[in-house]
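Participant: I'd like to ask you about the structure that follows.
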Amino acid sequence: MIAINILHDQAHHVLGAKIRGHAGKATYGSDVICSAVSVLALSTINGLEHVAHAKIEKSVGEGDIYFRLAAQNDENAMAASQILLQSFANAIQNIAEENAEYVTAAYEEVKK
């Protein structure tokens, strides 16, 4: 099971995500659900860094991805980041709804 916590602040701005586990729908290396979640997360991280020019904290390991906007981003980076992060959150919610036996997604409020 993949457990995803979408991190947001009190104003409901998405700040990042914690992703843990494997879907277990197919054999290792051919699981399309794991692949979809990984691609979404890694694409979002790349977009935050290279398109929004945002500063982020990140950790990527086997079955474990964490990323979060750093507090010291300027207004332009924050605005661009919200577009990427809201798109990420919407896509993750869709995957979780369509694959509830393999993926859970929940929102977690964190301090900005």
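Letters A, B, ... mark the chains of the structure tokens in the order given; residue numbers begin at 1 per chain; ligand numbers begin at 1, in order shown.
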Counting only C-alpha atoms, which residues of segment 10-85 of chain A fall within 8 Å of segment 91-100 of chain A, and what is the closest atom pair for each with its distance in Å at one decimal, ordered by chain and rising number, as a tab-separated table?

Facilitator:
```
residue	atom	partner	partner_atom	distance
A:Ile33	CA	A:Ile95	CA	8.0
A:Val37	CA	A:Ile92	CA	7.1
A:Leu40	CA	A:Ala91	CA	7.9
```

Participant: In terms of the shortest atom-to-atom distance over only C-alpha atoms, which of A:His8, A:His53, A:Lys18, A:Lys112 is closest to Ala79 of chain A?

Facilitator: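 Under the stated criterion, the closest residue is A:His53.
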
Participant: Pick out the closest residue to Asn90 of chain A from this set: A:Leu42, A:Ala105, A:Met78, A:Ala52. Count only C-alpha atoms.

Facilitator: A:Ala105

Participant: Using only C-alpha atoms, determine which residues lie at most 7 Å from Tyr107 of chain A, disregarding the query and same-chain residues fewer than 4 positions distant; provide the list as an NGL selection string.

Facilitator: :A and (5-8)

Participant: Those residues with C-alpha atoms, as a PDB file, in the first residue's frame please?

Facilitator:
```pdb
ATOM      1  CA  ASN A   5       0.265  12.687   3.032  1.00  0.00           C
ATOM      2  CA  ILE A   6      -0.250  15.923   1.126  1.00  0.00           C
ATOM      3  CA  LEU A   7       1.202  18.656   3.294  1.00  0.00           C
ATOM      4  CA  HIS A   8      -0.640  21.979   3.510  1.00  0.00           C
TER       5      HIS A   8
END
```

Participant: Could you pull the residues within 9 Å of Ala54 of chain A, counting only C-alpha atoms, minus those fewer than 5 positions along the same chain, as number ranges by chain?

Facilitator: A: 47-49, 69-70, 72-74, 76-78, 80-81

Participant: Would you write out those residues with C-alpha atoms, as a compact mmCIF listing (two decimals), in the first residue's frame?

Facilitator:
```
# COMPACT_ATOMS: atom_id res chain seq x y z
CA GLY A 47 9.14 21.50 -11.75
CA LEU A 48 9.47 23.17 -8.37
CA GLU A 49 13.24 23.39 -8.72
CA LEU A 69 8.70 24.03 0.01
CA ALA A 70 11.31 25.80 2.09
CA GLN A 72 12.53 31.27 2.26
CA ASN A 73 10.84 31.38 -1.17
CA ASP A 74 9.86 34.67 -2.74
CA ASN A 76 6.84 34.59 -7.47
CA ALA A 77 8.27 31.17 -6.60
CA MET A 78 5.41 30.55 -4.18
CA ALA A 80 4.32 29.24 -9.45
CA SER A 81 4.77 26.45 -6.89
```

Participant: Out of A:Ala71, A:Tyr66, A:Val51, A:Ala3, which residue has the shortest atom-to-atom distance to Ile83 of chain A when counting only C-alpha atoms?

Facilitator: A:Val51

Participant: Near Thr44 of chain A, counting only C-alpha atoms, which residues have an atom at most 9 Å away, once you skip same-chain residues fewer than 5 positions from it, shown as a VMD selection string?

Facilitator: chain A and resid 39 49 84 to 85 87 to 88

Participant: Considering only strand (DSSP E) as DSSP defines it on the backbone, what residues of segment 2-110 of chain A qualify? List them as a ChimeraX atom specification.

Facilitator: /A:2-8,14-20,56-61,64-69,103-109

Participant: Rounded to one decimal in Å, what is the spacing between atom CA of Ile4 of chain A and atom CA of Val103 of chain A?

Facilitator: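 These atoms are spaced 7.5 Å apart.
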
Participant: Nearest residue to Ile56 of chain A out of A:Leu15, A:Tyr102, A:Arg20, A:Ser43, using only C-alpha atoms?

Facilitator: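 Ranked by minimum distance to Ile56 of chain A, first place goes to A:Leu15.
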